[in-house]
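Source file data.pdb; content: PDB, C-alpha atoms, pLDDT in the B column.
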ATOM      1  CA  MET A   1      -1.230  23.132   9.740  1.00 83.00           C
ATOM      2  CA  LYS A   2      -4.606  24.821   9.270  1.00 90.00           C
ATOM      3  CA  PRO A   3      -6.795  23.009   6.711  1.00 91.00           C
ATOM      4  CA  VAL A   4      -6.931  26.112   4.508  1.00 95.00           C
ATOM      5  CA  THR A   5      -3.110  26.322   4.477  1.00 96.00           C
ATOM      6  CA  HIS A   6      -2.899  22.626   3.582  1.00 96.00           C
ATOM      7  CA  TRP A   7      -5.399  23.235   0.774  1.00 96.00           C
ATOM      8  CA  ARG A   8      -3.524  26.269  -0.585  1.00 96.00           C
ATOM      9  CA  HIS A   9      -0.078  24.647  -0.442  1.00 97.00           C
ATOM     10  CA  GLN A  10      -1.440  21.554  -2.194  1.00 97.00           C
ATOM     11  CA  ARG A  11      -2.603  23.775  -5.085  1.00 97.00           C
ATOM     12  CA  ILE A  12       0.553  25.888  -5.283  1.00 97.00           C
ATOM     13  CA  SER A  13       2.758  22.780  -5.445  1.00 98.00           C
ATOM     14  CA  ALA A  14       0.353  21.236  -7.978  1.00 98.00           C
ATOM     15  CA  ILE A  15       0.724  24.217 -10.324  1.00 98.00           C
ATOM     16  CA  LEU A  16       4.537  24.064 -10.071  1.00 98.00           C
ATOM     17  CA  LEU A  17       4.449  20.339 -10.854  1.00 98.00           C
ATOM     18  CA  LEU A  18       2.120  20.948 -13.795  1.00 98.00           C
ATOM     19  CA  PHE A  19       5.103  22.570 -15.531  1.00 98.00           C
ATOM     20  CA  LEU A  20       8.078  20.770 -13.959  1.00 98.00           C
ATOM     21  CA  VAL A  21       6.953  17.168 -14.525  1.00 98.00           C
ATOM     22  CA  PRO A  22       6.329  17.513 -18.305  1.00 97.00           C
ATOM     23  CA  TRP A  23       9.610  19.450 -18.553  1.00 98.00           C
ATOM     24  CA  LEU A  24      11.594  16.577 -16.967  1.00 97.00           C
ATOM     25  CA  PHE A  25       9.747  13.898 -18.990  1.00 95.00           C
ATOM     26  CA  PHE A  26      10.355  15.548 -22.330  1.00 93.00           C
ATOM     27  CA  THR A  27      13.908  16.597 -21.502  1.00 95.00           C
ATOM     28  CA  LEU A  28      14.834  13.006 -20.629  1.00 93.00           C
ATOM     29  CA  ILE A  29      13.020  11.542 -23.623  1.00 90.00           C
ATOM     30  CA  CYS A  30      14.726  13.945 -26.044  1.00 90.00           C
ATOM     31  CA  MET A  31      18.199  13.407 -24.595  1.00 91.00           C
ATOM     32  CA  PRO A  32      20.701  10.567 -25.087  1.00 90.00           C
ATOM     33  CA  ASN A  33      20.987   8.342 -21.985  1.00 89.00           C
ATOM     34  CA  TYR A  34      24.753   8.771 -21.623  1.00 92.00           C
ATOM     35  CA  HIS A  35      25.962  10.034 -18.270  1.00 92.00           C
ATOM     36  CA  PHE A  36      27.992  12.785 -19.907  1.00 93.00           C
ATOM     37  CA  ASP A  37      25.054  14.324 -21.806  1.00 94.00           C
ATOM     38  CA  VAL A  38      22.632  14.213 -18.880  1.00 96.00           C
ATOM     39  CA  LEU A  39      25.171  15.503 -16.338  1.00 96.00           C
ATOM     40  CA  SER A  40      26.398  18.379 -18.483  1.00 95.00           C
ATOM     41  CA  TYR A  41      22.807  19.529 -19.108  1.00 96.00           C
ATOM     42  CA  PHE A  42      21.557  19.327 -15.511  1.00 97.00           C
ATOM     43  CA  SER A  43      24.674  20.905 -14.002  1.00 96.00           C
ATOM     44  CA  LYS A  44      23.741  24.242 -15.635  1.00 96.00           C
ATOM     45  CA  PRO A  45      21.969  26.792 -13.400  1.00 96.00           C
ATOM     46  CA  SER A  46      18.491  26.798 -14.973  1.00 97.00           C
ATOM     47  CA  PRO A  47      18.014  23.008 -15.273  1.00 98.00           C
ATOM     48  CA  ALA A  48      19.466  22.572 -11.760  1.00 98.00           C
ATOM     49  CA  THR A  49      16.953  25.117 -10.440  1.00 98.00           C
ATOM     50  CA  GLY A  50      14.209  23.136 -12.155  1.00 98.00           C
ATOM     51  CA  LEU A  51      15.400  19.955 -10.451  1.00 98.00           C
ATOM     52  CA  MET A  52      15.470  21.597  -7.008  1.00 98.00           C
ATOM     53  CA  LEU A  53      11.973  23.004  -7.474  1.00 98.00           C
ATOM     54  CA  LEU A  54      10.813  19.608  -8.719  1.00 98.00           C
ATOM     55  CA  VAL A  55      12.189  17.748  -5.690  1.00 98.00           C
ATOM     56  CA  LEU A  56      10.825  20.349  -3.268  1.00 98.00           C
ATOM     57  CA  SER A  57       7.339  20.687  -4.751  1.00 98.00           C
ATOM     58  CA  GLY A  58       7.085  16.972  -5.598  1.00 98.00           C
ATOM     59  CA  VAL A  59       7.931  15.750  -2.103  1.00 98.00           C
ATOM     60  CA  TYR A  60       5.799  18.455  -0.463  1.00 98.00           C
ATOM     61  CA  HIS A  61       2.799  17.718  -2.715  1.00 98.00           C
ATOM     62  CA  PHE A  62       3.161  14.001  -1.987  1.00 98.00           C
ATOM     63  CA  VAL A  63       3.385  14.494   1.789  1.00 98.00           C
ATOM     64  CA  LEU A  64       0.346  16.809   1.814  1.00 98.00           C
ATOM     65  CA  GLY A  65      -1.688  14.438  -0.362  1.00 97.00           C
ATOM     66  CA  LEU A  66      -0.803  11.307   1.576  1.00 97.00           C
ATOM     67  CA  THR A  67      -1.567  13.113   4.857  1.00 96.00           C
ATOM     68  CA  MET A  68      -5.067  13.736   3.501  1.00 95.00           C
ATOM     69  CA  VAL A  69      -5.461  10.058   2.573  1.00 95.00           C
ATOM     70  CA  VAL A  70      -4.204   8.907   5.992  1.00 95.00           C
ATOM     71  CA  GLU A  71      -6.576  11.311   7.763  1.00 93.00           C
ATOM     72  CA  ASP A  72      -9.462   9.848   5.764  1.00 91.00           C
ATOM     73  CA  TYR A  73      -8.773   6.139   6.130  1.00 91.00           C
ATOM     74  CA  VAL A  74      -6.783   5.548   9.319  1.00 91.00           C
ATOM     75  CA  LEU A  75      -9.344   5.355  12.115  1.00 89.00           C
ATOM     76  CA  HIS A  76      -7.094   5.097  15.155  1.00 92.00           C
ATOM     77  CA  SER A  77      -6.047   8.637  16.056  1.00 92.00           C
ATOM     78  CA  LYS A  78      -2.721   7.743  17.758  1.00 95.00           C
ATOM     79  CA  MET A  79      -1.758   5.584  14.783  1.00 95.00           C
ATOM     80  CA  ARG A  80      -2.819   8.362  12.410  1.00 95.00           C
ATOM     81  CA  GLN A  81      -0.514  10.847  14.116  1.00 96.00           C
ATOM     82  CA  ILE A  82       2.422   8.429  14.137  1.00 97.00           C
ATOM     83  CA  ILE A  83       2.020   7.773  10.406  1.00 97.00           C
ATOM     84  CA  ILE A  84       1.759  11.488   9.598  1.00 97.00           C
ATOM     85  CA  GLN A  85       4.846  12.337  11.669  1.00 97.00           C
ATOM     86  CA  THR A  86       6.791   9.534   9.957  1.00 98.00           C
ATOM     87  CA  LEU A  87       5.633  10.891   6.626  1.00 97.00           C
ATOM     88  CA  ASN A  88       6.873  14.372   7.497  1.00 98.00           C
ATOM     89  CA  ALA A  89      10.243  12.947   8.525  1.00 98.00           C
ATOM     90  CA  PHE A  90      10.439  11.013   5.249  1.00 98.00           C
ATOM     91  CA  GLY A  91       9.647  14.206   3.348  1.00 98.00           C
ATOM     92  CA  LEU A  92      12.408  16.142   5.086  1.00 98.00           C
ATOM     93  CA  VAL A  93      14.998  13.418   4.462  1.00 98.00           C
ATOM     94  CA  ALA A  94      13.911  13.070   0.818  1.00 98.00           C
ATOM     95  CA  VAL A  95      14.232  16.817   0.130  1.00 98.00           C
ATOM     96  CA  VAL A  96      17.628  17.108   1.829  1.00 98.00           C
ATOM     97  CA  PHE A  97      18.967  14.007   0.056  1.00 98.00           C
ATOM     98  CA  GLY A  98      17.710  15.269  -3.297  1.00 98.00           C
ATOM     99  CA  PHE A  99      19.272  18.684  -2.723  1.00 98.00           C
ATOM    100  CA  VAL A 100      22.630  17.182  -1.716  1.00 98.00           C
ATOM    101  CA  CYS A 101      22.666  15.160  -4.958  1.00 98.00           C
ATOM    102  CA  ILE A 102      21.744  18.229  -7.027  1.00 98.00           C
ATOM    103  CA  VAL A 103      24.487  20.282  -5.355  1.00 98.00           C
ATOM    104  CA  GLN A 104      26.973  17.551  -6.299  1.00 97.00           C
ATOM    105  CA  ILE A 105      25.630  17.578  -9.854  1.00 97.00           C
ATOM    106  CA  ILE A 106      26.174  21.357 -10.029  1.00 97.00           C
ATOM    107  CA  ALA A 107      29.622  21.064  -8.414  1.00 96.00           C
ATOM    108  CA  SER A 108      30.690  18.513 -11.029  1.00 94.00           C
ATOM    109  CA  GLY A 109      30.528  21.331 -13.590  1.00 90.00           C
ATOM    110  CA  GLY A 110      29.207  18.769 -16.050  1.00 88.00           C
ATOM    111  CA  ARG A 111      32.427  16.750 -16.042  1.00 86.00           C
ATOM    112  CA  CYS A 112      32.205  13.024 -15.389  1.00 83.00           C
ATOM    113  CA  SER A 113      34.593  11.840 -12.685  1.00 69.00           C
TER     114      SER A 113
ATOM    115  CA  MET B 114      -4.646  18.094  14.429  1.00 53.00           C
ATOM    116  CA  PHE B 115      -8.173  18.817  13.190  1.00 60.00           C
ATOM    117  CA  GLU B 116     -10.869  16.156  13.392  1.00 67.00           C
ATOM    118  CA  LYS B 117     -12.711  15.554  10.111  1.00 70.00           C
ATOM    119  CA  PRO B 118     -15.679  13.351   9.253  1.00 72.00           C
ATOM    120  CA  LEU B 119     -14.804   9.948   7.773  1.00 69.00           C
ATOM    121  CA  SER B 120     -15.016   9.321   4.037  1.00 69.00           C
ATOM    122  CA  PRO B 121     -17.969   7.350   2.615  1.00 68.00           C
ATOM    123  CA  HIS B 122     -17.489   3.591   2.633  1.00 72.00           C
ATOM    124  CA  LEU B 123     -16.452   2.812  -0.917  1.00 68.00           C
ATOM    125  CA  GLN B 124     -17.650  -0.792  -0.949  1.00 73.00           C
ATOM    126  CA  ILE B 125     -21.357   0.009  -0.486  1.00 75.00           C
ATOM    127  CA  TYR B 126     -21.545   2.495  -3.377  1.00 73.00           C
ATOM    128  CA  LYS B 127     -22.267   1.534  -6.977  1.00 78.00           C
ATOM    129  CA  PRO B 128     -19.141   2.474  -8.992  1.00 82.00           C
ATOM    130  CA  GLN B 129     -19.698   5.512 -11.189  1.00 89.00           C
ATOM    131  CA  LEU B 130     -17.295   7.435 -13.413  1.00 93.00           C
ATOM    132  CA  THR B 131     -17.098  10.204 -10.824  1.00 91.00           C
ATOM    133  CA  SER B 132     -16.235   7.957  -7.877  1.00 90.00           C
ATOM    134  CA  VAL B 133     -13.897   5.751  -9.934  1.00 93.00           C
ATOM    135  CA  LEU B 134     -11.908   8.773 -11.152  1.00 95.00           C
ATOM    136  CA  SER B 135     -11.837  10.180  -7.635  1.00 94.00           C
ATOM    137  CA  ILE B 136     -10.362   7.022  -6.113  1.00 93.00           C
ATOM    138  CA  MET B 137      -8.027   6.600  -9.109  1.00 96.00           C
ATOM    139  CA  HIS B 138      -6.712  10.096  -8.421  1.00 97.00           C
ATOM    140  CA  ARG B 139      -5.812   8.973  -4.911  1.00 96.00           C
ATOM    141  CA  ILE B 140      -4.393   5.603  -5.941  1.00 97.00           C
ATOM    142  CA  SER B 141      -2.263   7.142  -8.692  1.00 98.00           C
ATOM    143  CA  GLY B 142      -1.110   9.860  -6.296  1.00 97.00           C
ATOM    144  CA  VAL B 143      -0.079   7.403  -3.590  1.00 97.00           C
ATOM    145  CA  SER B 144       1.632   5.118  -6.124  1.00 97.00           C
ATOM    146  CA  LEU B 145       3.757   8.047  -7.286  1.00 98.00           C
ATOM    147  CA  ILE B 146       5.910   7.430  -4.176  1.00 97.00           C
ATOM    148  CA  VAL B 147       7.658   5.012  -6.533  1.00 98.00           C
ATOM    149  CA  GLY B 148       8.225   7.866  -8.969  1.00 97.00           C
ATOM    150  CA  LEU B 149       9.630  10.012  -6.173  1.00 98.00           C
ATOM    151  CA  LEU B 150      12.051   7.272  -5.060  1.00 98.00           C
ATOM    152  CA  LEU B 151      13.080   6.702  -8.668  1.00 98.00           C
ATOM    153  CA  LEU B 152      13.701  10.456  -9.055  1.00 98.00           C
ATOM    154  CA  LEU B 153      15.955  10.384  -5.967  1.00 98.00           C
ATOM    155  CA  TRP B 154      17.755   7.292  -7.235  1.00 98.00           C
ATOM    156  CA  TRP B 155      18.262   9.016 -10.595  1.00 98.00           C
ATOM    157  CA  LEU B 156      19.670  12.156  -8.900  1.00 98.00           C
ATOM    158  CA  TYR B 157      22.000   9.993  -6.819  1.00 98.00           C
ATOM    159  CA  ALA B 158      23.155   8.025  -9.872  1.00 97.00           C
ATOM    160  CA  LEU B 159      23.664  11.225 -11.853  1.00 96.00           C
ATOM    161  CA  SER B 160      25.711  12.839  -9.077  1.00 96.00           C
ATOM    162  CA  GLN B 161      27.915   9.752  -8.506  1.00 95.00           C
ATOM    163  CA  GLY B 162      28.272   8.555 -12.093  1.00 91.00           C
ATOM    164  CA  GLY B 163      30.201   5.403 -12.943  1.00 91.00           C
ATOM    165  CA  GLU B 164      28.764   2.224 -11.496  1.00 95.00           C
ATOM    166  CA  ALA B 165      25.860   3.989  -9.769  1.00 96.00           C
ATOM    167  CA  TYR B 166      24.668   5.388 -13.094  1.00 96.00           C
ATOM    168  CA  THR B 167      25.208   2.122 -14.948  1.00 96.00           C
ATOM    169  CA  SER B 168      23.193   0.109 -12.428  1.00 97.00           C
ATOM    170  CA  LEU B 169      20.237   2.512 -12.719  1.00 97.00           C
ATOM    171  CA  MET B 170      20.363   2.265 -16.524  1.00 96.00           C
ATOM    172  CA  MET B 171      20.572  -1.546 -16.272  1.00 97.00           C
ATOM    173  CA  PHE B 172      17.561  -1.557 -13.967  1.00 97.00           C
ATOM    174  CA  MET B 173      15.516   0.659 -16.288  1.00 95.00           C
ATOM    175  CA  VAL B 174      15.990  -1.677 -19.261  1.00 95.00           C
ATOM    176  CA  SER B 175      15.210  -4.821 -17.218  1.00 97.00           C
ATOM    177  CA  SER B 176      11.676  -6.191 -17.537  1.00 96.00           C
ATOM    178  CA  PHE B 177      10.687  -4.998 -14.040  1.00 97.00           C
ATOM    179  CA  GLY B 178      12.200  -1.580 -14.721  1.00 97.00           C
ATOM    180  CA  THR B 179      10.325  -1.320 -18.006  1.00 96.00           C
ATOM    181  CA  PHE B 180       7.071  -2.315 -16.283  1.00 97.00           C
ATOM    182  CA  LEU B 181       7.665   0.364 -13.623  1.00 97.00           C
ATOM    183  CA  LYS B 182       8.421   2.949 -16.269  1.00 96.00           C
ATOM    184  CA  LEU B 183       5.213   2.243 -18.194  1.00 96.00           C
ATOM    185  CA  ALA B 184       3.105   2.156 -15.019  1.00 97.00           C
ATOM    186  CA  LEU B 185       4.636   5.413 -13.771  1.00 97.00           C
ATOM    187  CA  ILE B 186       4.030   7.111 -17.113  1.00 97.00           C
ATOM    188  CA  PHE B 187       0.347   6.226 -16.878  1.00 97.00           C
ATOM    189  CA  ALA B 188       0.007   7.158 -13.175  1.00 98.00           C
ATOM    190  CA  THR B 189       1.752  10.500 -13.702  1.00 98.00           C
ATOM    191  CA  THR B 190      -0.197  11.369 -16.849  1.00 98.00           C
ATOM    192  CA  PHE B 191      -3.546  10.474 -15.318  1.00 98.00           C
ATOM    193  CA  HIS B 192      -2.859  12.268 -12.033  1.00 98.00           C
ATOM    194  CA  LEU B 193      -1.598  15.379 -13.826  1.00 98.00           C
ATOM    195  CA  ILE B 194      -4.524  15.636 -16.247  1.00 98.00           C
ATOM    196  CA  ASN B 195      -7.155  14.833 -13.624  1.00 98.00           C
ATOM    197  CA  GLY B 196      -5.351  17.344 -11.392  1.00 98.00           C
ATOM    198  CA  ILE B 197      -6.047  20.052 -13.996  1.00 98.00           C
ATOM    199  CA  ARG B 198      -9.732  19.066 -13.700  1.00 97.00           C
ATOM    200  CA  HIS B 199      -9.521  19.497  -9.911  1.00 97.00           C
ATOM    201  CA  ILE B 200      -7.930  22.945 -10.270  1.00 97.00           C
ATOM    202  CA  MET B 201     -10.678  23.924 -12.721  1.00 97.00           C
ATOM    203  CA  TRP B 202     -13.254  22.976 -10.082  1.00 97.00           C
ATOM    204  CA  ASP B 203     -11.382  25.041  -7.500  1.00 96.00           C
ATOM    205  CA  LEU B 204     -11.581  28.004  -9.878  1.00 96.00           C
ATOM    206  CA  GLY B 205     -15.339  27.446 -10.144  1.00 96.00           C
ATOM    207  CA  PHE B 206     -15.547  25.876 -13.621  1.00 96.00           C
ATOM    208  CA  PHE B 207     -17.309  22.655 -14.762  1.00 95.00           C
ATOM    209  CA  LEU B 208     -19.122  22.165 -11.484  1.00 95.00           C
ATOM    210  CA  ASP B 209     -22.558  20.998 -12.701  1.00 95.00           C
ATOM    211  CA  VAL B 210     -23.230  17.260 -12.951  1.00 94.00           C
ATOM    212  CA  LYS B 211     -23.170  17.203 -16.762  1.00 95.00           C
ATOM    213  CA  ALA B 212     -19.814  18.980 -16.935  1.00 96.00           C
ATOM    214  CA  VAL B 213     -18.338  16.715 -14.262  1.00 96.00           C
ATOM    215  CA  TYR B 214     -19.089  13.667 -16.444  1.00 96.00           C
ATOM    216  CA  TYR B 215     -18.069  15.447 -19.634  1.00 96.00           C
ATOM    217  CA  THR B 216     -14.661  16.467 -18.279  1.00 97.00           C
ATOM    218  CA  GLY B 217     -14.339  13.046 -16.615  1.00 97.00           C
ATOM    219  CA  TRP B 218     -14.544  11.229 -19.953  1.00 97.00           C
ATOM    220  CA  GLY B 219     -12.251  13.907 -21.379  1.00 97.00           C
ATOM    221  CA  VAL B 220      -9.627  13.030 -18.771  1.00 97.00           C
ATOM    222  CA  VAL B 221      -9.934   9.300 -19.574  1.00 97.00           C
ATOM    223  CA  LEU B 222      -9.504  10.002 -23.297  1.00 98.00           C
ATOM    224  CA  VAL B 223      -6.628  12.487 -23.035  1.00 98.00           C
ATOM    225  CA  ALA B 224      -4.753  10.458 -20.375  1.00 98.00           C
ATOM    226  CA  THR B 225      -5.012   7.328 -22.559  1.00 97.00           C
ATOM    227  CA  ILE B 226      -3.785   9.097 -25.695  1.00 98.00           C
ATOM    228  CA  VAL B 227      -0.923  10.905 -23.947  1.00 97.00           C
ATOM    229  CA  SER B 228       0.145   7.721 -22.103  1.00 97.00           C
ATOM    230  CA  CYS B 229       0.180   5.704 -25.338  1.00 97.00           C
ATOM    231  CA  PHE B 230       2.224   8.438 -27.004  1.00 96.00           C
ATOM    232  CA  LEU B 231       4.735   8.536 -24.136  1.00 95.00           C
ATOM    233  CA  TRP B 232       4.901   4.731 -23.992  1.00 95.00           C
ATOM    234  CA  VAL B 233       5.776   4.558 -27.674  1.00 94.00           C
ATOM    235  CA  ILE B 234       8.456   7.266 -27.610  1.00 91.00           C
ATOM    236  CA  SER B 235       9.981   6.053 -24.326  1.00 87.00           C
ATOM    237  CA  LEU B 236      10.512   2.442 -25.466  1.00 81.00           C
TER     238      LEU B 236
END
Please render this file's structure as structure tokens.
Amino acid sequence: MKPVTHWRHQRISAILLLFLVPWLFFTLICMPNYHFDVLSYFSKPSPATGLMLLVLSGVYHFVLGLTMVVEDYVLHSKMRQIIIQTLNAFGLVAVVFGFVCIVQIIASGGRCS
Amino acid sequence: MFEKPLSPHLQIYKPQLTSVLSIMHRISGVSLIVGLLLLLWWLYALSQGGEAYTSLMMFMVSSFGTFLKLALIFATTFHLINGIRHIMWDLGFFLDVKAVYYTGWGVVLVATIVSCFLWVISL
């Protein structure tokens, strides 16, 4: 990835998170903890979209940021590349896992099994 | 892979508000891996329900879970508010030395107040 692309994607994901993170915090704080209430809310299209965007932009922002930190502090270049590749793999798995869970949440239709 | 110059060696610099906030931005950002894993655990628990959901709720009210929750609230709040300061710089605002300190103390103040507020309502 070109440094300027890294820079731009870091900012775009940051701006998404600026809205999504407070949204999730306040939604959870204002809501009863019961499985039924939380599931029926997040299985609706708009909240589920918010969750998908949150997982995607959150994981991406984290991977980009940690790549920057690793590039700054890990001196050994082979080691640096191995860590960054592992990080990318972690990011991919995290996004897919999160999406699979969200799809199941949507598919539940808000009904507890 | 592009080669970049190494960062300054932190241990030979006198700590200043600017450098402390800068490294705190990184530390809070890296520590939010815990928040990410907790988010995934929460999504898993929500999708599976039953025992999976109960064990997450049990964990969150345990003393370690409560500690994690409070720490994550602070890390998220600080990183988010200091992140706004970074975006302001990118847009070309608050770039002179005076403004950098001014907004720096602003971040400390606002992050403390918001964290305390969230701590109280989340307990």
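One finds CA of Cys229 in chain B at 26.5 Å from CA of Val59 in chain A.
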*asked:* Under the PyMOL selection byres ((chain B) within 10 of (chain A)), which residues of this model are included? Write them out as a PyMOL selection string.
replied: chain B and resi 114-122+139-140+142-146+148-150+152-163+166-167+170+186+189-190+193-194+196-197+199-200+203+231+234-236
*Compile the contact shell of range 212-220 of chain B as number ranges by chain: residues with an atom at most 8 Å away, counting all atoms listed in the file, same-chain residues fewer than 3 positions apart removed.*
B: 130-131, 134, 191, 194-195, 198, 207-209, 223-224
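You will find CA of Gln129 in chain B at 28.2 Å from CA of His6 in chain A.
Of note, CA of Asn88 in chain A and CA of Ile12 in chain A are spaced 18.3 Å apart.
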*Determine the nearest neighbour of Val221 in chain B from the options B:Leu169, B:Ile125, B:His192, B:Leu151, counting only C-alpha atoms.*
B:His192
Using all atoms of range 222-232 of chain B listed in the file and a margin of 8 Å per side, can you give the axis-aligned box centre and edge lengths in Å to one decimal, as JSON?
{"center_x": -2.3, "center_y": 8.6, "center_z": -23.7, "size_x": 30.4, "size_y": 23.8, "size_z": 22.6}
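Distances here use all atoms listed in the file; by that measure, the residue among A:Val4, A:Met31, A:Leu24, A:Leu16 closest to Ser57 in chain A is A:Leu16.
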